[in-house]
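For reference, query-v9.pdb (PDB, C-alpha atoms):
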ATOM      1  CA  MET B   1     -45.342  54.715  -0.384
ATOM      2  CA  PRO B   2     -43.183  55.094  -3.505
ATOM      3  CA  SER B   3     -44.625  56.242  -6.787
ATOM      4  CA  PRO B   4     -45.729  53.143  -8.731
ATOM      5  CA  ALA B   5     -44.985  54.652 -12.132
ATOM      6  CA  SER B   6     -43.498  51.410 -13.446
ATOM      7  CA  TYR B   7     -44.071  48.896 -10.649
ATOM      8  CA  GLY B   8     -47.095  47.771  -8.680
ATOM      9  CA  PRO B   9     -50.525  49.376  -8.384
ATOM     10  CA  ASP B  10     -51.536  52.898  -7.416
ATOM     11  CA  TYR B  11     -51.728  52.924  -3.624
ATOM     12  CA  THR B  12     -55.140  54.445  -3.079
ATOM     13  CA  PRO B  13     -56.851  53.951   0.306
ATOM     14  CA  GLN B  14     -58.966  51.193  -1.267
ATOM     15  CA  MET B  15     -55.877  49.433  -2.602
ATOM     16  CA  ALA B  16     -54.028  49.713   0.707
ATOM     17  CA  ALA B  17     -57.025  48.261   2.561
ATOM     18  CA  ALA B  18     -57.277  45.371   0.089
ATOM     19  CA  ILE B  19     -53.563  44.562   0.448
ATOM     20  CA  ALA B  20     -53.760  44.645   4.253
ATOM     21  CA  SER B  21     -56.901  42.486   4.372
ATOM     22  CA  CYS B  22     -55.490  39.912   1.940
ATOM     23  CA  THR B  23     -52.183  39.746   3.811
ATOM     24  CA  ALA B  24     -54.015  39.189   7.106
ATOM     25  CA  SER B  25     -56.091  36.330   5.639
ATOM     26  CA  ILE B  26     -52.982  34.605   4.309
ATOM     27  CA  SER B  27     -51.257  35.009   7.696
ATOM     28  CA  ARG B  28     -54.218  33.502   9.558
ATOM     29  CA  LEU B  29     -54.293  30.474   7.256
ATOM     30  CA  ASP B  30     -50.524  30.007   7.516
ATOM     31  CA  ALA B  31     -50.606  30.219  11.307
ATOM     32  CA  ARG B  32     -53.423  27.669  11.601
ATOM     33  CA  ILE B  33     -52.005  25.156   9.142
ATOM     34  CA  SER B  34     -48.609  25.198  10.866
ATOM     35  CA  VAL B  35     -50.113  23.698  14.042
ATOM     36  CA  SER B  36     -52.971  21.608  12.641
ATOM     37  CA  SER B  37     -52.983  17.832  12.985
ATOM     38  CA  ALA B  38     -54.934  17.690   9.713
ATOM     39  CA  ALA B  39     -52.281  19.567   7.718
ATOM     40  CA  SER B  40     -51.326  16.634   5.480
ATOM     41  CA  ALA B  41     -54.910  15.830   4.479
ATOM     42  CA  TRP B  42     -55.657  19.528   4.019
ATOM     43  CA  ASN B  43     -52.639  19.967   1.759
ATOM     44  CA  ARG B  44     -53.813  17.147  -0.503
ATOM     45  CA  ARG B  45     -57.246  18.744  -0.904
ATOM     46  CA  ALA B  46     -55.767  22.238  -1.240
ATOM     47  CA  THR B  47     -53.526  20.997  -4.053
ATOM     48  CA  TRP B  48     -56.593  19.925  -6.023
ATOM     49  CA  SER B  49     -58.307  23.250  -5.290
ATOM     50  CA  GLY B  50     -55.308  25.312  -6.378
ATOM     51  CA  TYR B  51     -54.832  23.305  -9.552
ATOM     52  CA  ALA B  52     -58.517  23.761 -10.431
ATOM     53  CA  ARG B  53     -58.137  27.533 -10.094
ATOM     54  CA  ALA B  54     -55.041  27.512 -12.299
ATOM     55  CA  LEU B  55     -56.882  25.494 -14.958
ATOM     56  CA  GLN B  56     -59.719  28.008 -14.926
ATOM     57  CA  LEU B  57     -57.232  30.826 -15.532
ATOM     58  CA  GLN B  58     -56.118  28.823 -18.583
ATOM     59  CA  SER B  59     -59.776  28.963 -19.766
ATOM     60  CA  ALA B  60     -60.273  25.252 -19.167
ATOM     61  CA  GLU B  61     -63.930  24.324 -18.675
ATOM     62  CA  VAL B  62     -63.441  22.492 -15.414
ATOM     63  CA  ASP B  63     -64.916  22.851 -11.936
ATOM     64  CA  GLU B  64     -63.236  22.111  -8.640
ATOM     65  CA  ILE B  65     -65.265  18.929  -8.145
ATOM     66  CA  ASP B  66     -63.869  17.604 -11.436
ATOM     67  CA  VAL B  67     -60.299  17.940 -10.132
ATOM     68  CA  PHE B  68     -61.318  16.278  -6.854
ATOM     69  CA  SER B  69     -62.858  13.367  -8.775
ATOM     70  CA  TRP B  70     -59.715  13.051 -10.909
ATOM     71  CA  GLY B  71     -57.529  13.104  -7.794
ATOM     72  CA  CYS B  72     -59.637  10.357  -6.208
ATOM     73  CA  GLY B  73     -59.663   8.298  -9.418
ATOM     74  CA  LEU B  74     -63.452   8.386  -9.854
ATOM     75  CA  GLN B  75     -65.840   9.759 -12.458
ATOM     76  CA  ILE B  76     -68.986  11.373 -11.073
ATOM     77  CA  PRO B  77     -72.133  10.550 -13.064
ATOM     78  CA  GLY B  78     -73.532  13.621 -14.764
ATOM     79  CA  ARG B  79     -70.207  15.444 -14.881
ATOM     80  CA  PRO B  80     -68.519  16.050 -18.269
ATOM     81  CA  LEU B  81     -66.125  13.302 -19.309
ATOM     82  CA  ARG B  82     -62.465  14.229 -19.285
ATOM     83  CA  SER B  83     -60.863  14.871 -22.653
ATOM     84  CA  THR B  84     -58.954  11.977 -24.184
ATOM     85  CA  THR B  85     -56.991  14.231 -26.547
ATOM     86  CA  LEU B  86     -55.833  16.945 -24.115
ATOM     87  CA  ASP B  87     -54.237  16.119 -20.780
ATOM     88  CA  LEU B  88     -55.238  18.902 -18.405
ATOM     89  CA  PHE B  89     -53.306  17.308 -15.558
ATOM     90  CA  ASP B  90     -49.921  16.885 -17.228
ATOM     91  CA  ARG B  91     -48.328  19.427 -14.839
ATOM     92  CA  PHE B  92     -49.987  18.222 -11.659
ATOM     93  CA  ASP B  93     -47.482  15.576 -10.548
ATOM     94  CA  ALA B  94     -44.506  17.886 -11.112
ATOM     95  CA  TRP B  95     -46.230  20.652  -9.155
ATOM     96  CA  ALA B  96     -47.128  18.296  -6.302
ATOM     97  CA  ALA B  97     -43.501  17.158  -6.189
ATOM     98  CA  ALA B  98     -42.304  20.770  -6.041
ATOM     99  CA  LEU B  99     -44.735  21.528  -3.202
ATOM    100  CA  ALA B 100     -43.283  18.626  -1.219
ATOM    101  CA  ASP B 101     -39.661  19.504  -2.027
ATOM    102  CA  PRO B 102     -37.855  20.657   1.137
ATOM    103  CA  ASP B 103     -35.455  22.771  -0.941
ATOM    104  CA  PRO B 104     -36.893  26.333  -0.887
ATOM    105  CA  LEU B 105     -34.870  27.332  -3.941
ATOM    106  CA  ALA B 106     -35.917  24.472  -6.219
ATOM    107  CA  TRP B 107     -38.923  26.222  -7.755
ATOM    108  CA  ARG B 108     -37.199  29.596  -7.992
ATOM    109  CA  ASP B 109     -34.340  28.035  -9.943
ATOM    110  CA  THR B 110     -36.775  26.921 -12.664
ATOM    111  CA  LEU B 111     -38.119  30.447 -13.307
ATOM    112  CA  PRO B 112     -37.199  32.186 -16.580
ATOM    113  CA  THR B 113     -34.153  34.400 -16.302
ATOM    114  CA  ALA B 114     -36.196  37.327 -17.604
ATOM    115  CA  ILE B 115     -38.009  37.556 -14.265
ATOM    116  CA  SER B 116     -36.350  40.125 -12.051
ATOM    117  CA  ALA B 117     -37.319  42.724  -9.485
ATOM    118  CA  PRO B 118     -36.134  46.332  -9.822
ATOM    119  CA  ALA B 119     -34.437  48.044  -6.914
ATOM    120  CA  VAL B 120     -37.621  49.958  -6.083
ATOM    121  CA  ALA B 121     -39.455  46.657  -5.453
ATOM    122  CA  THR B 122     -38.043  46.458  -1.922
ATOM    123  CA  GLN B 123     -40.085  49.567  -1.046
ATOM    124  CA  HIS B 124     -43.363  47.828  -1.958
ATOM    125  CA  PRO B 125     -45.428  45.384   0.139
ATOM    126  CA  ALA B 126     -44.377  41.742   0.022
ATOM    127  CA  LEU B 127     -47.756  40.772  -1.437
ATOM    128  CA  VAL B 128     -47.258  43.131  -4.380
ATOM    129  CA  ARG B 129     -43.776  41.718  -5.003
ATOM    130  CA  ALA B 130     -45.142  38.167  -5.043
ATOM    131  CA  LEU B 131     -47.945  39.033  -7.452
ATOM    132  CA  ASP B 132     -45.599  40.953  -9.709
ATOM    133  CA  GLN B 133     -43.393  37.862  -9.969
ATOM    134  CA  VAL B 134     -46.433  35.938 -11.167
ATOM    135  CA  ARG B 135     -47.236  38.754 -13.614
ATOM    136  CA  GLN B 136     -43.743  38.646 -15.133
ATOM    137  CA  HIS B 137     -43.858  34.844 -15.314
ATOM    138  CA  ALA B 138     -47.239  34.973 -17.077
ATOM    139  CA  LEU B 139     -45.835  37.325 -19.705
ATOM    140  CA  ALA B 140     -42.902  34.993 -20.339
ATOM    141  CA  ASP B 141     -44.800  31.677 -20.201
ATOM    142  CA  GLY B 142     -48.234  31.099 -21.720
ATOM    143  CA  GLY B 143     -48.820  27.851 -19.817
ATOM    144  CA  ILE B 144     -50.240  27.013 -16.423
ATOM    145  CA  LEU B 145     -46.968  27.274 -14.471
ATOM    146  CA  PRO B 146     -47.209  30.999 -13.610
ATOM    147  CA  TRP B 147     -50.528  30.482 -11.777
ATOM    148  CA  LEU B 148     -49.118  27.440  -9.973
ATOM    149  CA  GLY B 149     -46.124  29.519  -8.885
ATOM    150  CA  LEU B 150     -48.044  31.962  -6.684
ATOM    151  CA  PRO B 151     -47.806  29.806  -3.497
ATOM    152  CA  PHE B 152     -44.019  29.700  -3.947
ATOM    153  CA  ALA B 153     -43.838  33.461  -4.538
ATOM    154  CA  LEU B 154     -45.856  34.093  -1.369
ATOM    155  CA  ARG B 155     -43.532  31.827   0.607
ATOM    156  CA  ASP B 156     -40.386  33.402  -0.849
ATOM    157  CA  SER B 157     -41.731  36.872   0.015
ATOM    158  CA  GLY B 158     -42.115  35.850   3.653
ATOM    159  CA  LEU B 159     -45.931  35.893   3.685
ATOM    160  CA  SER B 160     -46.151  32.213   4.599
ATOM    161  CA  ALA B 161     -43.822  29.755   6.271
ATOM    162  CA  SER B 162     -44.690  27.019   3.773
ATOM    163  CA  THR B 163     -46.332  26.755   0.394
ATOM    164  CA  LEU B 164     -50.127  26.944   0.601
ATOM    165  CA  PRO B 165     -51.363  25.262  -2.595
ATOM    166  CA  CYS B 166     -54.925  26.583  -2.372
ATOM    167  CA  LEU B 167     -53.493  30.064  -3.065
ATOM    168  CA  ALA B 168     -52.515  29.229  -6.645
ATOM    169  CA  GLY B 169     -53.944  31.790  -9.021
ATOM    170  CA  GLY B 170     -53.492  35.229 -10.513
ATOM    171  CA  ALA B 171     -55.392  37.101 -13.211
ATOM    172  CA  LYS B 172     -55.660  36.843 -16.973
ATOM    173  CA  ALA B 173     -54.900  40.563 -17.070
ATOM    174  CA  PHE B 174     -51.372  39.764 -15.882
ATOM    175  CA  ARG B 175     -50.802  38.013 -19.199
ATOM    176  CA  LEU B 176     -52.844  40.289 -21.459
ATOM    177  CA  LYS B 177     -51.677  43.682 -20.182
ATOM    178  CA  ARG B 178     -48.212  45.112 -19.765
ATOM    179  CA  LYS B 179     -49.451  47.214 -16.852
ATOM    180  CA  PRO B 180     -52.617  45.976 -15.127
ATOM    181  CA  ASP B 181     -54.919  48.743 -13.921
ATOM    182  CA  ALA B 182     -56.345  49.258 -10.442
ATOM    183  CA  ASP B 183     -59.394  47.087 -11.091
ATOM    184  CA  ASP B 184     -57.163  44.187 -12.156
ATOM    185  CA  TRP B 185     -55.081  44.434  -8.989
ATOM    186  CA  LEU B 186     -58.156  44.675  -6.781
ATOM    187  CA  ALA B 187     -59.709  41.631  -8.467
ATOM    188  CA  VAL B 188     -56.562  39.578  -7.857
ATOM    189  CA  LEU B 189     -56.303  40.669  -4.229
ATOM    190  CA  ARG B 190     -59.946  39.903  -3.491
ATOM    191  CA  ALA B 191     -59.785  36.510  -5.209
ATOM    192  CA  LEU B 192     -56.628  35.621  -3.277
ATOM    193  CA  GLU B 193     -58.197  36.713   0.017
ATOM    194  CA  ARG B 194     -61.282  34.630  -0.772
ATOM    195  CA  SER B 195     -59.089  31.593  -1.455
ATOM    196  CA  ALA B 196     -57.292  32.063   1.881
ATOM    197  CA  ARG B 197     -60.587  32.352   3.759
ATOM    198  CA  GLU B 198     -62.037  29.301   2.041
ATOM    199  CA  GLY B 199     -58.859  27.385   2.800
ATOM    200  CA  LEU B 200     -59.168  28.264   6.482
ATOM    201  CA  GLU B 201     -62.853  27.273   6.552
ATOM    202  CA  ARG B 202     -62.016  23.928   4.948
ATOM    203  CA  LEU B 203     -59.300  23.348   7.516
ATOM    204  CA  HIS B 204     -61.844  23.982  10.284
ATOM    205  CA  ASP B 205     -64.286  21.571   8.599
ATOM    206  CA  LEU B 206     -61.581  18.914   8.289
ATOM    207  CA  GLU B 207     -60.611  19.248  11.943
ATOM    208  CA  LYS B 208     -64.286  19.037  12.914
ATOM    209  CA  PHE B 209     -64.607  15.878  10.823
ATOM    210  CA  HIS B 210     -61.617  14.475  12.713
ATOM    211  CA  ARG B 211     -63.272  15.177  16.054
ATOM    212  CA  ASN B 212     -66.580  13.675  14.895
ATOM    213  CA  ALA B 213     -64.724  10.618  13.608
ATOM    214  CA  GLN B 214     -63.117  10.147  17.018
ATOM    215  CA  ARG B 215     -66.529  10.317  18.711
ATOM    216  CA  ALA B 216     -68.013   7.823  16.242
ATOM    217  CA  ILE B 217     -65.172   5.383  16.865
ATOM    218  CA  VAL B 218     -65.575   5.643  20.640
ATOM    219  CA  GLU B 219     -69.364   5.269  20.477
ATOM    220  CA  ALA B 220     -69.255   2.247  18.150
ATOM    221  CA  PHE B 221     -69.707  -1.045  19.975
ATOM    222  CA  ARG B 222     -67.396  -2.781  17.489
ATOM    223  CA  PRO B 223     -65.542  -0.221  15.357
ATOM    224  CA  GLY B 224     -64.059  -2.880  13.070
ATOM    225  CA  ALA B 225     -62.721  -1.216   9.930
ATOM    226  CA  LEU B 226     -64.532   2.076  10.604
ATOM    227  CA  PRO B 227     -61.347   3.870  11.820
ATOM    228  CA  ARG B 228     -59.529   2.864   8.627
ATOM    229  CA  LEU B 229     -62.416   4.134   6.489
ATOM    230  CA  LEU B 230     -62.508   7.485   8.297
ATOM    231  CA  ALA B 231     -58.734   7.791   8.011
ATOM    232  CA  LEU B 232     -59.045   7.145   4.272
ATOM    233  CA  THR B 233     -61.806   9.765   4.014
ATOM    234  CA  HIS B 234     -59.462  12.427   5.383
ATOM    235  CA  HIS B 235     -57.100  11.964   2.461
ATOM    236  CA  ARG B 236     -59.470  10.754  -0.269
ATOM    237  CA  PRO B 237     -62.812  12.469   0.325
ATOM    238  CA  LEU B 238     -64.639  11.068  -2.719
ATOM    239  CA  LEU B 239     -65.278   7.378  -2.084
ATOM    240  CA  SER B 240     -66.885   4.417  -3.817
ATOM    241  CA  PRO B 241     -67.434   0.872  -2.511
ATOM    242  CA  GLN B 242     -64.957  -0.540  -5.015
ATOM    243  CA  GLY B 243     -62.327   2.070  -4.133
ATOM    244  CA  VAL B 244     -62.739   1.433  -0.412
ATOM    245  CA  ALA B 245     -62.572  -2.317  -0.989
ATOM    246  CA  ASP B 246     -59.314  -1.975  -2.919
ATOM    247  CA  ALA B 247     -57.718   0.438  -0.421
ATOM    248  CA  LEU B 248     -58.709  -1.453   2.730
ATOM    249  CA  ALA B 249     -58.534  -5.024   1.393
ATOM    250  CA  LEU B 250     -62.262  -5.656   1.894
ATOM    251  CA  SER B 251     -64.968  -7.212  -0.223
ATOM    252  CA  VAL B 252     -67.214  -4.811  -2.130
ATOM    253  CA  ALA B 253     -70.172  -5.891  -0.006
ATOM    254  CA  GLY B 254     -68.194  -5.284   3.185
ATOM    255  CA  ALA B 255     -67.066  -1.873   1.931
ATOM    256  CA  SER B 256     -70.678  -0.935   1.116
ATOM    257  CA  LYS B 257     -71.812  -1.826   4.628
ATOM    258  CA  LEU B 258     -68.922   0.123   6.090
ATOM    259  CA  LEU B 259     -69.861   3.198   4.046
ATOM    260  CA  GLU B 260     -73.466   2.869   5.205
ATOM    261  CA  ARG B 261     -72.243   2.901   8.821
ATOM    262  CA  ALA B 262     -70.442   6.161   8.125
ATOM    263  CA  VAL B 263     -73.592   7.610   6.499
ATOM    264  CA  ALA B 264     -75.677   6.590   9.530
ATOM    265  CA  ALA B 265     -73.176   8.407  11.764
ATOM    266  CA  ASP B 266     -73.511  11.603   9.606
ATOM    267  CA  LEU B 267     -69.869  11.362   8.586
ATOM    268  CA  LEU B 268     -70.545  10.759   4.885
ATOM    269  CA  VAL B 269     -73.256  11.743   2.396
ATOM    270  CA  GLU B 270     -74.222   9.605  -0.581
ATOM    271  CA  ILE B 271     -74.265  11.845  -3.671
ATOM    272  CA  THR B 272     -75.563   9.223  -6.123
ATOM    273  CA  GLN B 273     -78.983   7.763  -5.341
ATOM    274  CA  ARG B 274     -78.486   4.433  -7.096
ATOM    275  CA  ARG B 275     -77.803   0.788  -6.262
ATOM    276  CA  SER B 276     -74.553   0.526  -8.202
ATOM    277  CA  TRP B 277     -71.636   2.908  -8.771
ATOM    278  CA  ARG B 278     -72.419   4.686  -5.519
ATOM    279  CA  LEU B 279     -70.310   7.680  -4.472
ATOM    280  CA  PHE B 280     -69.889   9.387  -1.098
ATOM    281  CA  LEU B 281     -68.522  12.710   0.158
ATOM    282  CA  PRO B 282     -68.007  14.236   3.612
ATOM    283  CA  PRO B 283     -70.932  16.516   4.542
ATOM    284  CA  ASP B 284     -69.022  19.811   4.207
ATOM    285  CA  LEU B 285     -67.823  19.054   0.659
ATOM    286  CA  ALA B 286     -71.222  17.636  -0.320
ATOM    287  CA  VAL B 287     -72.812  20.960   0.622
ATOM    288  CA  GLU B 288     -70.072  23.042  -0.987
ATOM    289  CA  PHE B 289     -70.243  21.157  -4.287
ATOM    290  CA  GLY B 290     -74.032  21.294  -4.407
ATOM    291  CA  TYR B 291     -74.833  17.633  -3.682
ATOM    292  CA  ALA B 292     -76.534  18.306  -0.354
ATOM    293  CA  ALA B 293     -78.630  21.159   0.973
ATOM    294  CA  PRO B 294     -77.062  23.242   3.732
ATOM    295  CA  LYS B 295     -78.685  22.999   7.125
ATOM    296  CA  ARG B 296     -80.836  26.003   7.915
ATOM    297  CA  GLY B 297     -81.300  27.778  11.188
ATOM    298  CA  ARG B 298     -78.885  28.189  14.042
ATOM    299  CA  PRO B 299     -75.804  25.921  13.767
ATOM    300  CA  ALA B 300     -75.936  22.938  16.087
ATOM    301  CA  LYS B 301     -73.744  23.213  19.145
ATOM    302  CA  GLU B 302     -70.753  20.940  18.942
ATOM    303  CA  PRO B 303     -70.691  18.239  21.635
ATOM    304  CA  PRO B 304     -68.223  18.838  24.475
ATOM    305  CA  PRO B 305     -64.817  17.151  24.283
ATOM    306  CA  LEU B 306     -64.706  13.575  25.432
ATOM    307  CA  PRO B 307     -63.350  13.119  28.966
ATOM    308  CA  ALA B 308     -59.695  12.243  29.153
ATOM    309  CA  SER B 309     -58.903   8.604  29.879
ATOM    310  CA  ARG B 310     -56.214   6.073  29.076
ATOM    311  CA  ASP B 311     -58.560   4.000  26.900
ATOM    312  CA  LEU B 312     -59.550   7.025  24.817
ATOM    313  CA  THR B 313     -55.911   8.011  24.413
ATOM    314  CA  VAL B 314     -55.089   4.563  23.057
ATOM    315  CA  ALA B 315     -58.057   4.694  20.658
ATOM    316  CA  PHE B 316     -57.175   8.178  19.409
ATOM    317  CA  ASP B 317     -53.508   7.292  18.964
ATOM    318  CA  ALA B 318     -54.527   4.227  16.951
ATOM    319  CA  PHE B 319     -56.745   6.410  14.749
ATOM    320  CA  ASP B 320     -53.921   8.902  14.156
ATOM    321  CA  GLN B 321     -51.642   6.008  13.227
ATOM    322  CA  GLU B 322     -54.255   4.820  10.725
ATOM    323  CA  MET B 323     -54.321   8.308   9.199
ATOM    324  CA  ALA B 324     -50.528   8.388   8.948
ATOM    325  CA  ALA B 325     -50.501   4.932   7.333
ATOM    326  CA  ILE B 326     -53.117   5.957   4.758
ATOM    327  CA  ASP B 327     -51.184   9.152   4.011
ATOM    328  CA  LYS B 328     -47.987   7.166   3.494
ATOM    329  CA  LEU B 329     -49.799   4.640   1.300
ATOM    330  CA  LEU B 330     -51.324   7.279  -0.966
ATOM    331  CA  THR B 331     -48.076   9.249  -1.181
ATOM    332  CA  SER B 332     -46.020   6.179  -2.114
ATOM    333  CA  ALA B 333     -48.620   5.142  -4.698
ATOM    334  CA  ARG B 334     -48.224   8.529  -6.370
ATOM    335  CA  GLY B 335     -44.453   8.728  -5.968
ATOM    336  CA  PRO B 336     -43.183   6.842  -9.068
ATOM    337  CA  LYS B 337     -45.224   9.104 -11.355
ATOM    338  CA  LEU B 338     -43.593  12.300 -10.158
ATOM    339  CA  SER B 339     -41.317  14.269 -12.422
ATOM    340  CA  SER B 340     -39.382  17.462 -11.935
ATOM    341  CA  PRO B 341     -40.955  20.745 -13.177
TER     342      PRO B 341
END

Please re-express this file's structure in structure tokens.
Amino acid sequence: MPSPASYGPDYTPQMAAAIASCTASISRLDARISVSSAASAWNRRATWSGYARALQLQSAEVDEIDVFSWGCGLQIPGRPLRSTTLDLFDRFDAWAAALADPDPLAWRDTLPTAISAPAVATQHPALVRALDQVRQHALADGGILPWLGLPFALRDSGLSASTLPCLAGGAKAFRLKRKPDADDWLAVLRALERSAREGLERLHDLEKFHRNAQRAIVEAFRPGALPRLLALTHHRPLLSPQGVADALALSVAGASKLLERAVAADLLVEITQRRSWRLFLPPDLAVEFGYAAPKRGRPAKEPPPLPASRDLTVAFDAFDQEMAAIDKLLTSARGPKLSSP
């Protein structure tokens, strides 16, 4: 490896192992998301996760669940109220629009002209080049955009085929130090690897939820609006009776009964034990955010796949169409608010 006198970290065995491990985690996530049927729903959740991490690097006192609740348009009782004087989410719509932009050069064209890579950069790993772009951007811009730019830098470096929004991040040391030391680089690499692993685990959980939803629909004597509710849950995991009623054109009482059916089928968990202003989350997110206790002991064996039949194929295709319709509805509802970065 070249001497990193003015570029990149010192390539000790520990650093080389961290770079290789982080690169492998990103590659695994990218490979899985490229073939997953739950990619659209995962991307929506990953966008909230990545934005939460970027806010934390800006020293904002916000947790991931707060960004999820903002994205779903709900306030969770007991959580701090959002500031009315400072808009923490003023960059979110522009970032979401950039993530969905098919032009791979659109984000790069908005970078400050001061960001450049020396000739020696081509001799360094792609992951180091991507992180150094974020470091230069953080020195030139004191806002949140440098941390939001990491998924684009990873894509432009060839580490991922598409932007993976859960990989937004960086390190405060990139902004505070002209040359981060080895500990700073290792901290960034480990945090990025952890984000990639968590993103892959959440994709697995989402796909498992999809399979469980299919089984629940097949086992229901009269599914009714249950498929539409489960399709909505994929894309908007935090639910309330009023929100479900508005999205699915139901009465509040009907939406409450529908949510209770999903709870009885172990597809949702109520996180507010109250008669009014009830809120629900999928089991995996309820456990992750601390609203439900994780199950102890050996994990339950997943039921075998349902036998193939024409009737099941029709039911599953209808469910996938419901998911696509909900995705289109939520995307179009957000569309007019988008602005360019």

When the PyMOL selection byres ((chain B and resi 136-143) around 9) is applied to the structure above, which residues does it catch, written out as a ChimeraX atom specification?
/B:58,111-112,114-116,131-135,144-147,149,172,174-178

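Using all atoms listed in the file, the shortest contact distance between Arg222 of chain B and any of B:Arg194, B:Lys301, B:Arg261, B:Arg82 is found at B:Arg261.
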
Separation of atom CA of Trp277 of chain B from atom CA of Ser332 of chain B, in Å and rounded to one decimal:
26.7 Å

Contacts of Arg211 of chain B within 12 Å, all atoms listed in the file, excl. fewer than 4 positions in-chain, as a PyMOL selection string:
chain B and resi 37-38+204-207+215-218+230-231+234+267+302-306+316+319-320

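You will find atom CA of Leu150 of chain B at 6.8 Å from atom CA of Leu167 of chain B.
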
Could you spell out the hits of the PyMOL selection byres ((chain B and resi 22) around 12) on the shown file, as an MDAnalysis selection string?
chainID B and resid 15:21 23:29 125:128 154 159 167 185:197

Test item: the PyMOL selection byres ((chain B and resi 226) around 8) resolved as a list of chain:residue names:
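Selected by the PyMOL selection byres ((chain B and resi 226) around 8) in this file: B:Ile217, B:Pro223, B:Gly224, B:Ala225, B:Pro227, B:Arg228, B:Leu229, B:Leu230, B:Leu258, B:Arg261, B:Ala262.
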
Here is a test: counting all atoms listed in the file, which residue of B:Asp87, B:Asp317, B:Asp93, B:Asp30 is nearest to Gly71 of chain B?
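Closest to Gly71 of chain B, using all atoms listed in the file: B:Asp93.
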
From the list B:Tyr51, B:Phe209, B:Phe68, B:Tyr7, which residue is nearest Leu148 of chain B when using only C-alpha atoms?
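Closest candidate: B:Tyr51.
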
Counting all atoms listed in the file, which of B:Ala106, B:Val269, B:Ala100, B:Leu232 gets nearest to Asp284 of chain B?
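Result for the nearest residue to Asp284 of chain B: B:Val269.
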
What does the distance from atom CA of Ala46 of chain B to atom CA of Ile271 of chain B come to in Å, to one decimal?
21.4 Å

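Proximity ranking of B:Cys72, B:Ala119, B:Leu203, B:Ala97 relative to Leu281 of chain B places B:Cys72 first, based on all atoms listed in the file.
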